[in-house]
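Below is one structure, written out as structure tokens; comments come after it.
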Amino acid sequence: MNNKNVALLNALGLLGITFVLLMASVLQVVLNELPCPLCLLQRLGFMLVMFGFMLNVVYGPQQRHYGILIIGALFGAATALRQVSLHVIPGTPGFGSPVFGIHYYTWAFILFSLTIVGVAVLQLLWNKDWNNNDYKMNRFGRFVCLLAIFAVAVNVISTFIECGPYQCPDNPITYWLFN
């Protein structure tokens with residue numbers, strides 16, 4: 001695989017995960033569905049995945065950046081799977097509204113799993129001749145990085161507004177700041 005294609009795939013991966021995190025924030029505001037502590041941990045997993053992709057976009061693809069990305073995806077998948085297991089018993093209500101019939105935490109598990117598989121495929125296609133000395137981030141990469149930083153900032157601020165300096169409630173119904 002061409003090195004430029006690998007760089008583009010990393011930028012697209014960062015854009016995709018950024019979109020997921022931004023959509024979580026939009027749905028939180030539009031549907032007034034405050035994230036529970038497990039949901040917040042899944043968002044943290046997405047942020048770790050974004051950080052791995054962002055390192056690749058800024059400095060050029062490196063295997064250690066993929067390691068960070070995989071650790072974030074494994075953390076997020078484990079957290080999402082924990083939440084799925086809480087709602088798997090028949091008659092147990094799900095948390096939040098389903099999207100296309102599937103709850104957010106199940107979607108998160110699917111996306112984390114697909115991320116792990118996608119990175120594994122990228123590793124299989126890794127070009128050993130990659131030279132990061134001549135790598136330069138392009139405008140698209142810069143835009144995606146700025147959008148990712150914005151998405152993380154929105155999530156950090158909304159989490160503080162929801163929980164404040166305290167432990168987040170198990171079933172949040174109001175924002176801490178607005179009480």
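Chain labels A, B, ... are given in the sequence in which chains occur in the structure tokens; within each chain residues are numbered consecutively from 1, and ligands are likewise numbered from 1 in the order shown.
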Using only C-alpha atoms, which protein or nucleic acid residues come within 8 Å of region 42-52 of chain A? Drop anything in the same chain fewer than 3 positions from it, and give the result as JSON, numbers by chain. {"A": [14, 17, 18, 21, 38, 39, 55, 56, 65, 66, 67, 68, 69, 70, 71, 72, 73, 74, 75, 76, 77, 79, 80, 105, 108, 148, 152]}
Go through chain A and collect every residue that DSSP, computed from the backbone, puts in alpha helix (DSSP H); the answer should be as a ChimeraX atom specification. /A:3-30,37-59,63-86,104-124,139-163
Contacts of Ile173 (chain A) at 12 Å (only C-alpha atoms; same-chain gap of 6+ positions) as a ChimeraX atom specification: /A:28,31-36,96,162-163,179
Have a look at CA of Gln83 (chain A) and CA of Pro37 (chain A) and let me know their distance in Å, one decimal.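 Taking CA of Gln83 (chain A) as the start and CA of Pro37 (chain A) as the end point, the length is 10.1 Å.
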Pick from A:Met54, A:Ala7, A:Ala24, A:Leu114 nearest to Ile149 (chain A), counting only C-alpha atoms: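 Once distances to Ile149 (chain A) are computed over only C-alpha atoms, the minimum belongs to A:Met54.
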Which of these residues is nearest to Val26 (chain A), using only C-alpha atoms: A:Leu125, A:Val119, A:Cys168, A:Ala151?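 Of A:Leu125, A:Val119, A:Cys168, A:Ala151, the one nearest Val26 (chain A) is A:Ala151, counting only C-alpha atoms.
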Can you tell me, as a PyMOL selection string, what residues are no more than 9 Å from Ser158 (chain A) when counting only C-alpha atoms, ignoring any on the same chain fewer than 5 positions away? chain A and resi 25+153+163+175
Residues from last step as file, N, CA, C and O atoms, as a PDB file, in the first residue's frame:
ATOM      1  N   SER A  25     -22.283  14.049  21.348  1.00  0.00           N
ATOM      2  CA  SER A  25     -22.565  15.341  21.979  1.00  0.00           C
ATOM      3  C   SER A  25     -23.859  15.950  21.446  1.00  0.00           C
ATOM      4  O   SER A  25     -24.653  16.504  22.208  1.00  0.00           O
ATOM      5  N   ALA A 153     -12.755  18.889  23.306  1.00  0.00           N
ATOM      6  CA  ALA A 153     -13.048  20.027  24.183  1.00  0.00           C
ATOM      7  C   ALA A 153     -14.535  20.090  24.518  1.00  0.00           C
ATOM      8  O   ALA A 153     -14.904  20.312  25.681  1.00  0.00           O
ATOM      9  N   CYS A 163     -21.326  16.753  35.527  1.00  0.00           N
ATOM     10  CA  CYS A 163     -20.906  16.142  36.790  1.00  0.00           C
ATOM     11  C   CYS A 163     -20.240  17.108  37.751  1.00  0.00           C
ATOM     12  O   CYS A 163     -20.211  16.848  38.958  1.00  0.00           O
ATOM     13  N   TYR A 175     -28.160  18.400  34.727  1.00  0.00           N
ATOM     14  CA  TYR A 175     -26.782  18.877  34.713  1.00  0.00           C
ATOM     15  C   TYR A 175     -26.449  19.479  36.081  1.00  0.00           C
ATOM     16  O   TYR A 175     -27.236  20.235  36.639  1.00  0.00           O
TER      17      TYR A 175
END
Interatomic distance between CA of Gln167 (chain A) and CA of Leu22 (chain A)?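 Computing it gives 23.1 Å between the two atoms.
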Neighbouring residues of Leu15 (chain A) were defined as those with any atom within 9 Å, considering only C-alpha atoms; residues of the same chain fewer than 4 positions away were excluded. Please report them as a list of chain:residue names.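 In the requested format, the answer is A:Asn10, A:Ala11, A:Phe19, A:Val20, A:Met50, A:Val144, A:Cys145, A:Leu147, A:Ala148.
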Using all heavy atoms, can you write the selected residues to a file as a PDB file, in the first residue's frame?
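Written out: selection-v1.pdb:
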ATOM      1  N   ASN A  10      -5.441   7.128   7.839  1.00  0.00           N
ATOM      2  CA  ASN A  10      -5.363   7.605   9.217  1.00  0.00           C
ATOM      3  C   ASN A  10      -6.183   8.871   9.411  1.00  0.00           C
ATOM      4  O   ASN A  10      -6.881   9.015  10.407  1.00  0.00           O
ATOM      5  CB  ASN A  10      -3.909   7.842   9.623  1.00  0.00           C
ATOM      6  CG  ASN A  10      -3.232   6.576  10.032  1.00  0.00           C
ATOM      7  OD1 ASN A  10      -3.444   6.073  11.116  1.00  0.00           O
ATOM      8  ND2 ASN A  10      -2.421   6.028   9.144  1.00  0.00           N
ATOM      9  N   ALA A  11      -6.122   9.796   8.460  1.00  0.00           N
ATOM     10  CA  ALA A  11      -6.918  11.020   8.544  1.00  0.00           C
ATOM     11  C   ALA A  11      -8.412  10.691   8.479  1.00  0.00           C
ATOM     12  O   ALA A  11      -9.218  11.269   9.216  1.00  0.00           O
ATOM     13  CB  ALA A  11      -6.534  11.988   7.429  1.00  0.00           C
ATOM     14  N   PHE A  19     -16.356  12.198  14.208  1.00  0.00           N
ATOM     15  CA  PHE A  19     -17.782  12.283  13.894  1.00  0.00           C
ATOM     16  C   PHE A  19     -18.602  11.551  14.949  1.00  0.00           C
ATOM     17  O   PHE A  19     -19.639  12.053  15.399  1.00  0.00           O
ATOM     18  CB  PHE A  19     -18.050  11.716  12.498  1.00  0.00           C
ATOM     19  CG  PHE A  19     -19.504  11.692  12.128  1.00  0.00           C
ATOM     20  CD1 PHE A  19     -20.154  12.857  11.761  1.00  0.00           C
ATOM     21  CD2 PHE A  19     -20.223  10.508  12.160  1.00  0.00           C
ATOM     22  CE1 PHE A  19     -21.504  12.847  11.439  1.00  0.00           C
ATOM     23  CE2 PHE A  19     -21.560  10.478  11.831  1.00  0.00           C
ATOM     24  CZ  PHE A  19     -22.209  11.651  11.472  1.00  0.00           C
ATOM     25  N   VAL A  20     -18.156  10.375  15.363  1.00  0.00           N
ATOM     26  CA  VAL A  20     -18.868   9.600  16.388  1.00  0.00           C
ATOM     27  C   VAL A  20     -18.947  10.400  17.681  1.00  0.00           C
ATOM     28  O   VAL A  20     -20.010  10.503  18.308  1.00  0.00           O
ATOM     29  CB  VAL A  20     -18.169   8.236  16.620  1.00  0.00           C
ATOM     30  CG1 VAL A  20     -18.699   7.553  17.870  1.00  0.00           C
ATOM     31  CG2 VAL A  20     -18.335   7.340  15.410  1.00  0.00           C
ATOM     32  N   MET A  50      -8.772   8.441  18.979  1.00  0.00           N
ATOM     33  CA  MET A  50      -8.516   9.665  18.216  1.00  0.00           C
ATOM     34  C   MET A  50      -7.079  10.133  18.409  1.00  0.00           C
ATOM     35  O   MET A  50      -6.450  10.588  17.454  1.00  0.00           O
ATOM     36  CB  MET A  50      -9.486  10.782  18.661  1.00  0.00           C
ATOM     37  CG  MET A  50     -10.915  10.556  18.244  1.00  0.00           C
ATOM     38  SD  MET A  50     -12.076  11.673  19.060  1.00  0.00           S
ATOM     39  CE  MET A  50     -11.491  13.257  18.536  1.00  0.00           C
ATOM     40  N   VAL A 144      -8.776  18.020  10.078  1.00  0.00           N
ATOM     41  CA  VAL A 144      -9.324  16.911  10.855  1.00  0.00           C
ATOM     42  C   VAL A 144      -8.787  16.946  12.289  1.00  0.00           C
ATOM     43  O   VAL A 144      -9.529  16.699  13.244  1.00  0.00           O
ATOM     44  CB  VAL A 144      -9.022  15.560  10.162  1.00  0.00           C
ATOM     45  CG1 VAL A 144      -9.423  14.391  11.021  1.00  0.00           C
ATOM     46  CG2 VAL A 144      -9.725  15.486   8.821  1.00  0.00           C
ATOM     47  N   CYS A 145      -7.515  17.287  12.461  1.00  0.00           N
ATOM     48  CA  CYS A 145      -6.942  17.393  13.810  1.00  0.00           C
ATOM     49  C   CYS A 145      -7.626  18.496  14.613  1.00  0.00           C
ATOM     50  O   CYS A 145      -7.941  18.311  15.797  1.00  0.00           O
ATOM     51  CB  CYS A 145      -5.445  17.641  13.732  1.00  0.00           C
ATOM     52  SG  CYS A 145      -4.492  16.200  13.246  1.00  0.00           S
ATOM     53  N   LEU A 147     -10.645  19.668  14.151  1.00  0.00           N
ATOM     54  CA  LEU A 147     -12.001  19.205  14.430  1.00  0.00           C
ATOM     55  C   LEU A 147     -11.997  18.199  15.588  1.00  0.00           C
ATOM     56  O   LEU A 147     -12.871  18.237  16.460  1.00  0.00           O
ATOM     57  CB  LEU A 147     -12.610  18.573  13.173  1.00  0.00           C
ATOM     58  CG  LEU A 147     -14.089  18.218  13.229  1.00  0.00           C
ATOM     59  CD1 LEU A 147     -14.944  19.464  13.438  1.00  0.00           C
ATOM     60  CD2 LEU A 147     -14.494  17.508  11.938  1.00  0.00           C
ATOM     61  N   ALA A 148     -11.008  17.331  15.636  1.00  0.00           N
ATOM     62  CA  ALA A 148     -10.891  16.353  16.718  1.00  0.00           C
ATOM     63  C   ALA A 148     -10.645  17.050  18.056  1.00  0.00           C
ATOM     64  O   ALA A 148     -11.251  16.687  19.074  1.00  0.00           O
ATOM     65  CB  ALA A 148      -9.775  15.364  16.414  1.00  0.00           C
TER      66      ALA A 148
END
Counting only C-alpha atoms, the option among A:Pro93, A:Gly141, A:Pro172, A:Gly118 closest to Leu8 (chain A):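 When distances to Leu8 (chain A) are compared using only C-alpha atoms, the smallest one comes from A:Gly141.
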